[in-house]
Amino acid sequence: MSAVLITDGVSKRFGKVEALDGVGFSVDLAELFGVIGADGAGKSTLFRILATLLLPDAGRARVLGLDTVDSYRMIRTRIGYMPGRFSLYQDLTVEENLAFFATVYGTTIKENYELIRDMYVQLEPFRTRRAGQLSGGMKQKLALCCALVHRPELLLLDEPTTGVDAVSRLEFWQMLDRLRRLGITILVSTPYMDEASRCDRVAFMQEGRILAIDTPSGITGLFSKPLFAVRAAEKHHLVPVLRSYPHAASVYAFGSTVHYTDSRPSPDMGDVAAWLESNGIGGVGIERIKPGIEDTFMALMESMTSRREAADA
Amino acid sequence: MMQRFIGFVRKEFSHIVRDRRTAAILFGMPVLQLLLFGFAIKNEISEIRVGILDHSHDLVTQELTDKLLSSGTFVATATLSNEREAGEAFASGRVNEVVVFEPAFGDRLLRDGHAGLQLLTDGSDPNVSRIVAGYTTSVVREYLREKGLAASGIEAVPLMMFNPGLKSVYLFVPGLMAMILMLVSALMTSISITREKESGTMELLLVSSLRPVQIIIGKVVPYLVLAFVNVITVVALAFFVFGVPCRGSILLLFLESLLFILTALSLGLLISTITSSQQVAMMISLAGLLLPTVLLSGFIFPIASMPWPLQAISNLIPARWYLVIVRGVMLKGAGIAVLWKETLILVVMTALYLTFSVRKFSERLQ
């Protein structure tokens with residue numbers, strides 16, 4: 001498979017802030033590649049560099065075989081970019097927005113209707129409504145339509161599902177899946193861990209660096225320690241008490257349970273249960289579970305933070 | 001390529017029409033301002049309230065007073081018996097002017113050929129004061145001429161060329177045109193471009209591979225058309241409602257106006273390239289362009305009476321040259337042979353601003 005997108009040592013700083021620090025990865029043809037990271041991890045900066053809107057301070061990026069600095073004009077006509085913020089004309093109607101972006105790219109809605117049909121039928125009832133008055137989910141669908149209307153080879157979607165309801169998010173990802181099968185390469189960023197499993201591969205980003213790149217199942221393999229889900233009748237006391245256990249390595253609340261790792265090579269969970277009960281926590285249940293993507297991300301973040309702290313000291 | 005451009009321009013027009021408030025300001029403001037300036041703000045004075053302080057009470061002072069009051073402009077609102085009362089009359093606002101005849105006024109005039117007449121005016125409003133004094137002097141002079149008593153051998157008879165009635169609307173129309181065009185062209189373009197930057201749509205426009213020149217022209221054309229509509233409105237209103245003539249070529253007037261619109265548009269572009277927020281763009285446009293256009297262009301205050309640093313600055317203000325052109329064409333009937341220098345200055349300014357903003361227009365985000 002050929003790489004549609006390659007970055008090598010891409011760095012960018014804004015004043016004192018290192019937004020990107022030596023980012024290198026590649027995305028294959030028709031791959032759905034996810035960039036996962038919290039706000040401020042540098043995702044948007046990365047997307048803007050790939051969309052040729054920003055110049056990297058160091059390193060190179062090639063998109064569709066073209067250099068993002070030298071050949072930016074040629075890249076621009078062949079990619080579809082959806083910025084992190086809703087960036088359509090709020091005072092124009094759904095149809096006017098779409099028609100405008102079609103004409104700007106020298107095409108028409110009709111010409112590429114097939115590509116956007118699935119989403120556009122949902123938007124059709126609101127054709128004459130102004131874009132600013134659409135719901136969050138509808139806005140993002142319209143934005144995706146606008147980014148697709150010129151049949152780009154590569155889609156750069158910066159946090160397309162942020163602030164969108166769960167149903168619309170699901171529909172959005174189904175749409176991305178369909179587009180990938182049509183041969184469109186997609187780079188998508190999200191702060192939601194649960195969306196990572198829908199990607200072919202994901203990259204974890206933190207503080208401008210990529211912590212890990214792998215398939216969703218491969219990435220959970222990076223989690224080496226045994227992981228336990230701890231349950232109790234009274235959950236809000238559980239986290240602090242568990243954290244005070246002398247051998248606790250990590251304690252995170254996860255929905256209705258608390259995910260726990262131990263610092264010993266072979267954890268004695270009977271002792272943990274006894275500690276909890278002696279501290280007045282009743283109804284304790286402990287069970288070994290398989291780590292999820294979020295567990296892995298937390299662990300990676302933690303190890304990077306402690307490594308950095310060690311380096312600073 | 002043409003298709004893209006038309007699509008872009010259509011989008012800009014939609015923005016303008018969608019925003020009712022902006023549309024109302026753009027089309028209503030010129031009309032409103034012209035009517036306001038034309039009807040409400042006037043320099044000529046229709047009624048002068050005059051107080052008479054006659055120390056002489058003879059035939060001549062009586063005749064002079066009658067002459068004054070029968071001219072139609074002067075209305076006697078107070079008859080005074082001493083100087084102290086004059087001060088009170090001014091303070092209470094009963095009079096704009098007091099005419100004081102010295103004792104034995106008539107005798108002296110007939111015997112010596114001159115007599116003392118004092119005009120007291122309200123200096124707290126210097127403009128009115130000057131006009132009132134002027135009116136009174138001319139009435140007195142006329143009386144003397146009728147009586148064959150003209151003071152000396154030489155008398156200067158002023159005639160106001162091009163605007164014999166000294167109608168202030170003649171003064172306001174050119175200034176108003178400069179102001180409105182500055183507002184519509186520079187302010188609106190700079191706001192509309194910075195709005196795209198603020199809302200993030202500029203990112204999409206840039207990625208869409210539109211060239212900077214295409215984006216700029218697409219932004220400029222709608223406001224060019226709009227501003228030109230305003231020019232026609234103001235000229236038509238001025239002619240039909242206030243009778244302001246266009247003595248020169250109307251074609252030349254329109255062409256020169258187009259040139260000035262371009263100057264203002266390029267200034268608006270320049271502003272939008274150096275700022276990325278609508279608010280800053282508005283502040284710069286209002287304080288940096290509109291204020292000088294009103295104050296330093298010669299619209300309200302004559303340039304010749306400014307201190308030299310301000311005179312120097314006024315040379316940099318496009319409206320100063322446009323005003324000369326409009327007054328020349330509309331009121332004096334001047335042609336391009338006379339106004340080529342001002343035209344050239346505007347052309348050079350426009351070219352400079354345009355080149356600079358196209359160069360400065362970034363194809364990337366900063």
# chains A, B, ... in the order shown; residues from 1 in each chain; ligands from 1
>>> residues_around(residues="range 80-93 of chain B", least_positions_apart="3", cutoff="7 Å", atoms="only C-alpha atoms", output="list in words")
Gly51, Ile52, Leu53, Asn96, Val98 and Asp122 of chain B
>>> write_last_selection(atoms="C-alpha atoms", output="compact mmCIF listing (two decimals), in the first residue's frame")
# COMPACT_ATOMS: atom_id res chain seq x y z
CA GLY B 51 -32.24 94.60 20.35
CA ILE B 52 -32.02 98.33 19.65
CA LEU B 53 -30.20 100.65 22.06
CA ASN B 96 -28.59 87.55 19.04
CA VAL B 98 -27.77 94.54 19.87
CA ASP B 122 -23.18 86.81 20.99
>>> closest_atom_pairs(of="chain A", to="chain B", cutoff="7 Å", atoms="only C-alpha atoms", output="CSV")
residue,atom,partner,partner_atom,distance
A:Ala51,CA,B:Val207,CA,7.0
A:Leu53,CA,B:Arg364,CA,4.6
A:Leu54,CA,B:Leu365,CA,5.8
A:Arg73,CA,B:Ser209,CA,6.1
A:Arg76,CA,B:Val207,CA,5.2
A:Thr77,CA,B:Ser209,CA,5.9
A:Ser87,CA,B:Thr201,CA,5.0
A:Leu88,CA,B:Thr201,CA,5.9
A:Asp91,CA,B:Arg18,CA,6.7
A:Phe100,CA,B:Gly7,CA,6.2
A:Thr103,CA,B:Arg4,CA,5.2
A:Val104,CA,B:Arg4,CA,4.9
A:Tyr105,CA,B:Ser208,CA,6.3
A:Gly106,CA,B:Arg4,CA,6.2
>>> residues_around(residues="range 136-152 of chain A", least_positions_apart="4", cutoff="9 Å", atoms="only C-alpha atoms", output="JSON, numbers by chain")
{"A": [77, 78, 79, 80, 81, 82, 86, 87, 88, 94, 97, 98, 99, 100, 101, 102, 105, 106, 107, 108, 109, 111, 112, 113, 115, 116, 117, 119, 120, 122, 123, 131, 132, 156, 157, 160, 161, 162, 163, 164, 165, 167, 168, 169, 172, 184], "B": [204]}
>>> select_by_dssp(residues="range 33-229 of chain A", states="alpha helix (DSSP H)", output="PyMOL selection string")
chain A and resi 43-50+72-78+94-104+113-123+136-148+166-181+216-220
>>> residues_around(residues="Val324 in chain B", least_positions_apart="3", cutoff="12 Å", atoms="only C-alpha atoms", output="short mmCIF file (atom, residue, chain, number, x, y, z; two decimals) with C-alpha atoms, in the first residue's frame")
data_model
loop_
_atom_site.label_atom_id
_atom_site.label_comp_id
_atom_site.auth_asym_id
_atom_site.auth_seq_id
_atom_site.Cartn_x
_atom_site.Cartn_y
_atom_site.Cartn_z
CA LEU B 171 -20.87 72.60 1.04
CA PRO B 174 -19.39 66.81 -1.58
CA GLY B 175 -18.25 66.20 1.99
CA ALA B 178 -16.71 61.44 0.67
CA LEU B 253 -18.23 63.06 -11.54
CA GLU B 256 -14.00 60.28 -10.21
CA SER B 257 -16.34 58.83 -7.60
CA PHE B 260 -12.42 57.39 -4.88
CA SER B 297 -10.43 66.89 4.54
CA GLY B 298 -11.73 70.42 4.40
CA PHE B 299 -15.30 69.17 4.68
CA PRO B 302 -11.04 74.91 5.90
CA ILE B 303 -7.61 73.39 5.35
CA ASN B 315 -2.52 65.84 2.16
CA ILE B 317 -6.23 61.94 3.28
CA PRO B 318 -7.87 60.80 0.05
CA ALA B 319 -11.09 62.65 0.83
CA ARG B 320 -9.23 65.97 0.73
CA TRP B 321 -8.51 65.46 -2.98
CA ARG B 327 -16.64 70.73 -5.68
CA GLY B 328 -14.84 71.46 -8.92
CA VAL B 329 -17.06 69.31 -11.09
CA MET B 330 -20.40 69.88 -9.40
CA LEU B 331 -20.26 73.51 -8.45
CA LYS B 332 -17.65 75.11 -10.68
CA GLY B 333 -18.12 72.99 -13.78
CA ALA B 334 -14.42 72.16 -13.92
CA GLY B 335 -13.12 69.44 -16.24
CA ILE B 336 -10.30 66.95 -16.08
CA VAL B 338 -8.18 71.39 -14.20
CA LEU B 339 -8.52 68.41 -11.88
CA TRP B 340 -5.87 66.09 -13.33
CA LYS B 341 -3.52 66.65 -10.43
CA GLU B 342 -6.02 65.59 -7.75
CA THR B 343 -7.07 62.64 -9.91
CA ILE B 345 -2.93 61.68 -6.57
CA LEU B 346 -5.92 59.42 -5.98
#
>>> residues_around(residues="Gly22 in chain A", least_positions_apart="6", cutoff="6 Å", atoms="only C-alpha atoms", output="PyMOL selection string")
chain A and resi 9-11
>>> closest_residue(among="A:Leu238, A:Trp275, A:Ser2, A:Phe223", to="Thr261 in chain A", atoms="only C-alpha atoms")
A:Phe223
>>> residues_around(residues="Ile180 in chain B", least_positions_apart="5", cutoff="9 Å", atoms="only C-alpha atoms", output="list in words")
Leu26, Met29, Pro30, Gln33, Gly175, Ser185, Ala227, Asn230 and Val231 of chain B
>>> select_by_dssp(residues="range 3-105 of chain A", states="strand (DSSP E or B)", output="NGL selection string")
:A and (3-14 or 17-28 or 32-36 or 58-63 or 66-67 or 79-82 or 93)
>>> write_last_selection(atoms="N, CA and C atoms", output="compact mmCIF listing (two decimals), in the first residue's frame")
# COMPACT_ATOMS: atom_id res chain seq x y z
N ALA A 3 1.67 5.24 0.78
CA ALA A 3 1.32 6.22 1.81
C ALA A 3 0.77 7.47 1.15
N VAL A 4 -0.41 7.88 1.59
CA VAL A 4 -1.04 9.09 1.06
C VAL A 4 -0.50 10.31 1.79
N LEU A 5 -0.10 10.06 3.03
CA LEU A 5 0.32 11.18 3.87
C LEU A 5 1.52 10.73 4.71
N ILE A 6 2.59 11.51 4.64
CA ILE A 6 3.77 11.17 5.45
C ILE A 6 4.24 12.44 6.15
N THR A 7 4.48 12.35 7.45
CA THR A 7 5.11 13.48 8.12
C THR A 7 6.40 12.97 8.76
N ASP A 8 7.36 13.88 8.84
CA ASP A 8 8.65 13.48 9.38
C ASP A 8 9.22 14.60 10.22
N GLY A 9 9.25 14.37 11.52
CA GLY A 9 9.83 15.35 12.44
C GLY A 9 9.19 16.72 12.40
N VAL A 10 7.88 16.75 12.20
CA VAL A 10 7.20 18.05 12.10
C VAL A 10 7.11 18.73 13.47
N SER A 11 7.63 19.95 13.54
CA SER A 11 7.58 20.71 14.80
C SER A 11 7.03 22.08 14.53
N LYS A 12 6.33 22.61 15.53
CA LYS A 12 5.80 23.97 15.41
C LYS A 12 5.69 24.55 16.80
N ARG A 13 6.19 25.77 16.95
CA ARG A 13 6.00 26.41 18.25
C ARG A 13 5.33 27.76 18.08
N PHE A 14 4.48 28.11 19.04
CA PHE A 14 3.84 29.42 19.08
C PHE A 14 4.39 30.13 20.30
N VAL A 17 5.16 28.13 23.53
CA VAL A 17 4.47 26.84 23.57
C VAL A 17 4.91 25.96 22.41
N GLU A 18 5.36 24.78 22.74
CA GLU A 18 5.74 23.80 21.72
C GLU A 18 4.47 23.05 21.32
N ALA A 19 3.84 23.48 20.21
CA ALA A 19 2.58 22.87 19.82
C ALA A 19 2.79 21.49 19.23
N LEU A 20 3.83 21.35 18.41
CA LEU A 20 4.16 20.05 17.84
C LEU A 20 5.65 19.83 18.02
N ASP A 21 6.01 18.61 18.36
CA ASP A 21 7.41 18.33 18.67
C ASP A 21 7.83 17.04 17.98
N GLY A 22 8.35 17.16 16.78
CA GLY A 22 8.87 15.99 16.07
C GLY A 22 7.84 14.94 15.77
N VAL A 23 6.73 15.35 15.13
CA VAL A 23 5.67 14.39 14.83
C VAL A 23 5.98 13.67 13.51
N GLY A 24 5.98 12.35 13.56
CA GLY A 24 6.22 11.57 12.35
C GLY A 24 5.28 10.38 12.29
N PHE A 25 4.53 10.29 11.21
CA PHE A 25 3.67 9.12 10.99
C PHE A 25 3.28 9.10 9.53
N SER A 26 2.66 8.00 9.10
CA SER A 26 2.19 7.95 7.73
C SER A 26 0.82 7.29 7.67
N VAL A 27 0.04 7.69 6.68
CA VAL A 27 -1.31 7.18 6.52
C VAL A 27 -1.42 6.56 5.14
N ASP A 28 -1.98 5.35 5.08
CA ASP A 28 -2.07 4.65 3.80
C ASP A 28 -3.33 5.01 3.04
N LEU A 32 -8.60 4.80 7.45
CA LEU A 32 -9.27 5.72 8.38
C LEU A 32 -8.36 5.82 9.60
N PHE A 33 -7.67 6.95 9.68
CA PHE A 33 -6.62 7.10 10.68
C PHE A 33 -7.08 8.11 11.73
N GLY A 34 -7.05 7.69 13.00
CA GLY A 34 -7.53 8.56 14.06
C GLY A 34 -6.38 9.19 14.84
N VAL A 35 -6.54 10.48 15.16
CA VAL A 35 -5.58 11.14 16.04
C VAL A 35 -6.32 11.45 17.34
N ILE A 36 -5.89 10.78 18.41
CA ILE A 36 -6.60 10.92 19.67
C ILE A 36 -5.76 11.76 20.62
N ALA A 58 10.03 23.00 11.68
CA ALA A 58 11.03 22.00 11.29
C ALA A 58 10.30 20.77 10.80
N GLY A 59 11.01 19.93 10.06
CA GLY A 59 10.42 18.71 9.56
C GLY A 59 9.67 18.93 8.26
N ARG A 60 9.20 17.84 7.67
CA ARG A 60 8.51 17.93 6.40
C ARG A 60 7.24 17.11 6.44
N ALA A 61 6.28 17.52 5.62
CA ALA A 61 5.07 16.73 5.50
C ALA A 61 4.76 16.60 4.01
N ARG A 62 4.44 15.40 3.59
CA ARG A 62 4.04 15.18 2.20
C ARG A 62 2.61 14.69 2.18
N VAL A 63 1.80 15.35 1.39
CA VAL A 63 0.40 14.98 1.27
C VAL A 63 0.15 14.63 -0.19
N LEU A 66 2.93 15.24 -2.41
CA LEU A 66 3.39 16.60 -2.64
C LEU A 66 3.84 17.23 -1.33
N ASP A 67 4.83 18.09 -1.41
CA ASP A 67 5.32 18.76 -0.21
C ASP A 67 4.34 19.86 0.21
N ILE A 79 -7.62 18.05 -1.46
CA ILE A 79 -7.98 17.60 -0.12
C ILE A 79 -9.30 18.25 0.32
N GLY A 80 -9.96 17.61 1.26
CA GLY A 80 -11.14 18.21 1.89
C GLY A 80 -10.79 18.47 3.34
N TYR A 81 -10.99 19.70 3.79
CA TYR A 81 -10.58 20.04 5.16
C TYR A 81 -11.78 20.56 5.93
N MET A 82 -11.94 20.05 7.12
CA MET A 82 -13.03 20.50 7.99
C MET A 82 -12.38 21.00 9.28
N THR A 93 -28.09 29.71 3.68
CA THR A 93 -28.86 28.50 3.91
C THR A 93 -27.99 27.28 3.62
>>> atom_distance(atom1="CA of Glu171 in chain A", atom2="CA of Val188 in chain A")
15.0 Å
>>> residues_around(residues="Leu290 in chain B", least_positions_apart="6", cutoff="8 Å", atoms="only C-alpha atoms", output="PyMOL selection string")
chain B and resi 179+182-183
>>> write_last_selection(atoms="N, CA and C atoms", output="compact mmCIF listing (two decimals), in the first residue's frame")
# COMPACT_ATOMS: atom_id res chain seq x y z
N MET B 179 -17.69 61.10 2.86
CA MET B 179 -17.87 60.40 4.12
C MET B 179 -18.58 59.07 3.91
N MET B 182 -16.41 56.52 2.11
CA MET B 182 -15.39 56.00 3.01
C MET B 182 -16.01 54.94 3.91
N LEU B 183 -17.16 55.27 4.45
CA LEU B 183 -17.84 54.37 5.39
C LEU B 183 -18.21 53.06 4.72
>>> atom_distance(atom1="CA of His247 in chain A", atom2="CA of Tyr260 in chain A")
10.6 Å
>>> atom_distance(atom1="CA of Val213 in chain B", atom2="CA of Thr275 in chain B")
18.3 Å
